[in-house]
Amino acid sequence: MQFIIRKLQFLLFMATLCPARVQGDDWRPEVLPVELTVGYAVRAVDLNRDDRLDIVIVDSKRILWLENPSWKVHVIQSTPLASADNVCMAPLDIDRDGDIDLAIGYDWQPNNTKSGGAIGWLESPADPTDPTLTWKLHILKENEPTTHRMNWGDLDRDGQPELIVAPLKGRLSQGPGFEDKAVRLLAFSVPKDPVNQPWSSRDLDESLHVMHNFEVVDFDRDKHDDLLVASFEGVHSLTFGGRSTSPAKRTNIGIGHQGQAPARGSSEVRIGKLNDNRSFIATIEPWHGNQVVVYEQSETLPWPRLMLDDQLRWGHAVACCNLDNDVEDELVIGVRDDAAPHRCGVRVYDRDSQGKWQRTLVEPGQVAVEDLVSADLNGDGKLELIAVGRATHNAVIYWPNAK
C-alpha cells in the first residue's frame, strides 16, 4: 500500500512538472463575420487604442480590420478596380501622432519580375471607427517587382525602426525556377516628416534567391535586431554592424531541402524557444512545400535538420508561441491545400520531455490557411490562434478551452 501511495505521489509530482501537451479539443473555433477572396496576411493590432488587440486582414482588393470584441468589420481601403492584389502589411505609428498606421505591399504580380510591385503606407485617421474618415495612401515606391513581405526593424541601431521589404523573386529572374537572379532585400528609413519628406532606402543583401519570408529577431542575443530569412539557399541569419553602410553578415543556419528549383530551400521562417536556453527555427520546405522542418540549436553550423511532418500539401504559415504555459514554445503550422486523405488547416506541434515533437490537428479542413498569427485577444494571458483562408475564404479564431 505504501508503495502504491508513493507511486501516486510521484505521478502527481511529475504531472505538475510536465503540463499536458496541446490537444485538438483544446480549441473552440469562432468563425468571423467576413468573407475573404484571398486572406494574404493577418495581424493582431490595437487600432482604436482601447487596449484590446483587433484583427487586421490583407485581402485581395481590400484591407480590413475587425474590432475587438464585436468583430465589426471596418474597411481601411478598397480598390475593387485594381488589376493586381494587396499582399502584405506592417503596422507602426509611422507619423508619430499616437495611432497605428500601416505600411503595405500591393500590385502583387508573382510571376512578373520586370515591373509592378508597389510599396506605400496608409495614414490612420484620428478615429478609425468613423466611416466618414478615410485612410490616406502615401506611395513610397511603385516599381519593386514581386514585393511580397515586410516588417519593421532597427537594423542601423539609431533607435528608429526601418521598413524592411523582401520581394519574392529577383528582378528579371526567369521561370520555371527563378534561380538565376538574386532577391534585393531593402530597408526604407522613416524621415522626420514621413508625409512630406522623401524616404531614403538602402540595399541590405542581394545574394539569396526566391525569398518567401523573413523575421526580425535578436538572433545573436546582442540586444539588436537581426533578420532570419528563408530562401532557396535554406535559412540564414543576417546581422548588421550598426551603421547604415554596414554590409550584412550572412550565416547559414539551416540547409533547406536542396532539390531542383523551384522545389528547393525553405519557405517560411520563425524562431522559438526550447527549455535549455536554446532556440529552434521552424520552416516549411521546400519552397511552397510539403515538409514541416525544425532546426534545433547546436554548437555547430548549420544546425541539424529534423523533419516533423510530410503529410501535407503547401504549408503556408508558421508561428512559434507558448500555448500551454510550459517552458518551451509550441510550433503552429498552417496548411493551405487539401491532399487526400490529409486536410488543410491548423496543426500544432509540441515537443515532449524526450525531445520528440507530437502533432495535433485543430479542426482539419476548416481553414485553407494562407496566414495565421497568435495573440491574446481577451487579455486572459492565454494565446489565441487567428487563421485566414484562401480556398475557404474565411477567418477563424481558435480560442483555448479552459482546463
# chains A, B, ... in the order shown; residues from 1 in each chain; ligands from 1
>>> residues_around(residues="segment 311-328 of chain A", least_positions_apart="2", cutoff="8 Å", atoms="only C-alpha atoms", output="number ranges by chain")
A: 18-22, 267-275, 282-284, 288-292, 309, 330-339, 342-344, 351, 369-374, 382-383
>>> residues_around(residues="Leu186 of chain A", least_positions_apart="6", cutoff="6 Å", atoms="only C-alpha atoms", output="PyMOL selection string")
chain A and resi 164-165+202-204
>>> select_by_dssp(residues="segment 53-206 of chain A", states="strand (DSSP E)", output="ChimeraX atom specification")
/A:54-58,62-67,72-78,88-92,101-106,118-123,136-141,147-153,162-167,185-189,201-205
>>> residues_around(residues="Gln366 of chain A", least_positions_apart="5", cutoff="12 Å", atoms="only C-alpha atoms", output="list of chain:residue names")
A:Pro29, A:Glu30, A:Val31, A:Gly334, A:Val335, A:Arg336, A:Asp337, A:Asp338, A:Arg343, A:Cys344, A:Gly345, A:Val346, A:Arg347, A:Leu361, A:Ala387, A:Val388, A:Gly389, A:Arg390, A:Ala391, A:Thr392, A:His393, A:Asn394, A:Ala395, A:Val396, A:Ile397, A:Tyr398
>>> write_last_selection(atoms="C-alpha atoms", output="tab-separated table (two decimals), in the first residue's frame")
chain	number	residue	atom	x	y	z
A	29	PRO	CA	-13.38	27.84	-33.20
A	30	GLU	CA	-15.15	31.14	-33.82
A	31	VAL	CA	-15.82	31.92	-37.47
A	334	GLY	CA	-0.97	26.49	-41.41
A	335	VAL	CA	-1.65	24.12	-44.30
A	336	ARG	CA	-3.17	25.74	-47.38
A	337	ASP	CA	-4.41	22.86	-49.54
A	338	ASP	CA	-6.09	19.51	-49.19
A	343	ARG	CA	-6.72	18.06	-44.86
A	344	CYS	CA	-5.76	21.69	-44.87
A	345	GLY	CA	-5.97	23.63	-41.61
A	346	VAL	CA	-4.05	24.38	-38.43
A	347	ARG	CA	-1.58	21.95	-36.88
A	361	LEU	CA	-4.73	18.63	-35.78
A	387	ALA	CA	-6.14	31.92	-39.26
A	388	VAL	CA	-7.25	33.27	-42.63
A	389	GLY	CA	-8.09	31.09	-45.60
A	390	ARG	CA	-7.60	31.17	-49.34
A	391	ALA	CA	-9.82	28.45	-50.85
A	392	THR	CA	-12.17	28.59	-47.83
A	393	HIS	CA	-12.43	32.43	-47.96
A	394	ASN	CA	-12.82	32.65	-44.18
A	395	ALA	CA	-11.21	33.89	-40.99
A	396	VAL	CA	-11.37	31.89	-37.74
A	397	ILE	CA	-10.26	32.50	-34.16
A	398	TYR	CA	-9.29	29.36	-32.23
>>> closest_atom_pairs(of="segment 165-234 of chain A", to="segment 152-161 of chain A", cutoff="12 Å", atoms="only C-alpha atoms", output="JSON lines")
{"residue": "A:Val165", "atom": "CA", "partner": "A:Trp152", "partner_atom": "CA", "distance": 8.8}
{"residue": "A:Ala166", "atom": "CA", "partner": "A:Trp152", "partner_atom": "CA", "distance": 11.6}
{"residue": "A:Leu186", "atom": "CA", "partner": "A:Leu155", "partner_atom": "CA", "distance": 11.2}
{"residue": "A:Ala187", "atom": "CA", "partner": "A:Leu155", "partner_atom": "CA", "distance": 8.6}
{"residue": "A:Phe188", "atom": "CA", "partner": "A:Pro161", "partner_atom": "CA", "distance": 9.1}
{"residue": "A:Ser189", "atom": "CA", "partner": "A:Pro161", "partner_atom": "CA", "distance": 7.5}
{"residue": "A:Val190", "atom": "CA", "partner": "A:Pro161", "partner_atom": "CA", "distance": 7.7}
{"residue": "A:Pro191", "atom": "CA", "partner": "A:Gln160", "partner_atom": "CA", "distance": 9.7}
{"residue": "A:Lys192", "atom": "CA", "partner": "A:Gln160", "partner_atom": "CA", "distance": 10.4}
{"residue": "A:Arg202", "atom": "CA", "partner": "A:Asp156", "partner_atom": "CA", "distance": 10.9}
{"residue": "A:Asp203", "atom": "CA", "partner": "A:Leu155", "partner_atom": "CA", "distance": 11.9}
{"residue": "A:Leu204", "atom": "CA", "partner": "A:Leu155", "partner_atom": "CA", "distance": 9.5}
{"residue": "A:Phe214", "atom": "CA", "partner": "A:Trp152", "partner_atom": "CA", "distance": 11.1}
{"residue": "A:Glu215", "atom": "CA", "partner": "A:Gly153", "partner_atom": "CA", "distance": 9.4}
{"residue": "A:Val216", "atom": "CA", "partner": "A:Gly153", "partner_atom": "CA", "distance": 6.1}
{"residue": "A:Val217", "atom": "CA", "partner": "A:Gly153", "partner_atom": "CA", "distance": 8.3}
{"residue": "A:Asp218", "atom": "CA", "partner": "A:Gly153", "partner_atom": "CA", "distance": 10.0}
{"residue": "A:Asp222", "atom": "CA", "partner": "A:Arg157", "partner_atom": "CA", "distance": 11.7}
{"residue": "A:Lys223", "atom": "CA", "partner": "A:Arg157", "partner_atom": "CA", "distance": 10.0}
{"residue": "A:His224", "atom": "CA", "partner": "A:Arg157", "partner_atom": "CA", "distance": 7.1}
{"residue": "A:Asp225", "atom": "CA", "partner": "A:Leu155", "partner_atom": "CA", "distance": 5.7}
{"residue": "A:Asp226", "atom": "CA", "partner": "A:Leu155", "partner_atom": "CA", "distance": 6.7}
{"residue": "A:Leu227", "atom": "CA", "partner": "A:Gly153", "partner_atom": "CA", "distance": 8.6}
{"residue": "A:Leu228", "atom": "CA", "partner": "A:Gly153", "partner_atom": "CA", "distance": 11.8}
>>> atom_distance(atom1="atom CA of His209 of chain A", atom2="atom CA of Tyr349 of chain A")
28.7 Å
>>> atom_distance(atom1="atom CA of Ile55 of chain A", atom2="atom CA of His74 of chain A")
10.3 Å
>>> closest_residue(among="A:Lys72, A:Arg96, A:His148, A:Arg28", to="Tyr40 of chain A", atoms="only C-alpha atoms")
A:His148
>>> closest_residue(among="A:Asp310, A:Asp101, A:Glu285, A:Asp127", to="Asp50 of chain A", atoms="only C-alpha atoms")
A:Asp127
>>> atom_distance(atom1="atom CA of Arg43 of chain A", atom2="atom CA of Pro145 of chain A")
23.7 Å
>>> residues_around(residues="Ser115 of chain A", least_positions_apart="6", cutoff="10 Å", atoms="only C-alpha atoms", output="list in words")
Asp107, Gln109, Glu142, Asn143, Glu144, Pro145, Thr146, Arg171 and Leu172 of chain A
>>> write_last_selection(atoms="N, CA, C and O atoms", output="compact mmCIF listing (two decimals), in the first residue's frame")
# COMPACT_ATOMS: atom_id res chain seq x y z
N ASP A 107 -0.06 45.72 -55.63
CA ASP A 107 0.26 45.45 -57.04
C ASP A 107 1.04 44.15 -57.17
O ASP A 107 2.07 44.04 -57.83
N GLN A 109 2.15 40.84 -58.40
CA GLN A 109 2.21 40.10 -59.66
C GLN A 109 3.33 39.08 -59.52
O GLN A 109 4.48 39.35 -59.87
N GLU A 142 6.86 52.48 -56.61
CA GLU A 142 5.87 51.84 -57.48
C GLU A 142 6.44 50.79 -58.39
O GLU A 142 5.71 50.21 -59.18
N ASN A 143 7.70 50.54 -58.33
CA ASN A 143 8.26 49.54 -59.23
C ASN A 143 9.32 48.72 -58.50
O ASN A 143 10.52 48.91 -58.69
N GLU A 144 8.85 47.83 -57.64
CA GLU A 144 9.72 46.85 -56.97
C GLU A 144 9.08 45.50 -57.19
O GLU A 144 8.27 45.03 -56.38
N PRO A 145 9.41 44.85 -58.34
CA PRO A 145 8.68 43.63 -58.75
C PRO A 145 8.64 42.56 -57.67
O PRO A 145 9.61 42.34 -56.95
N THR A 146 7.51 41.93 -57.57
CA THR A 146 7.18 40.81 -56.66
C THR A 146 7.38 41.18 -55.19
O THR A 146 7.68 40.31 -54.37
N ARG A 171 14.73 40.58 -59.43
CA ARG A 171 14.32 41.34 -60.61
C ARG A 171 14.93 40.70 -61.86
O ARG A 171 16.11 40.39 -61.91
N LEU A 172 14.09 40.50 -62.88
CA LEU A 172 14.44 39.92 -64.18
C LEU A 172 14.77 38.43 -64.10
O LEU A 172 15.25 37.86 -65.08
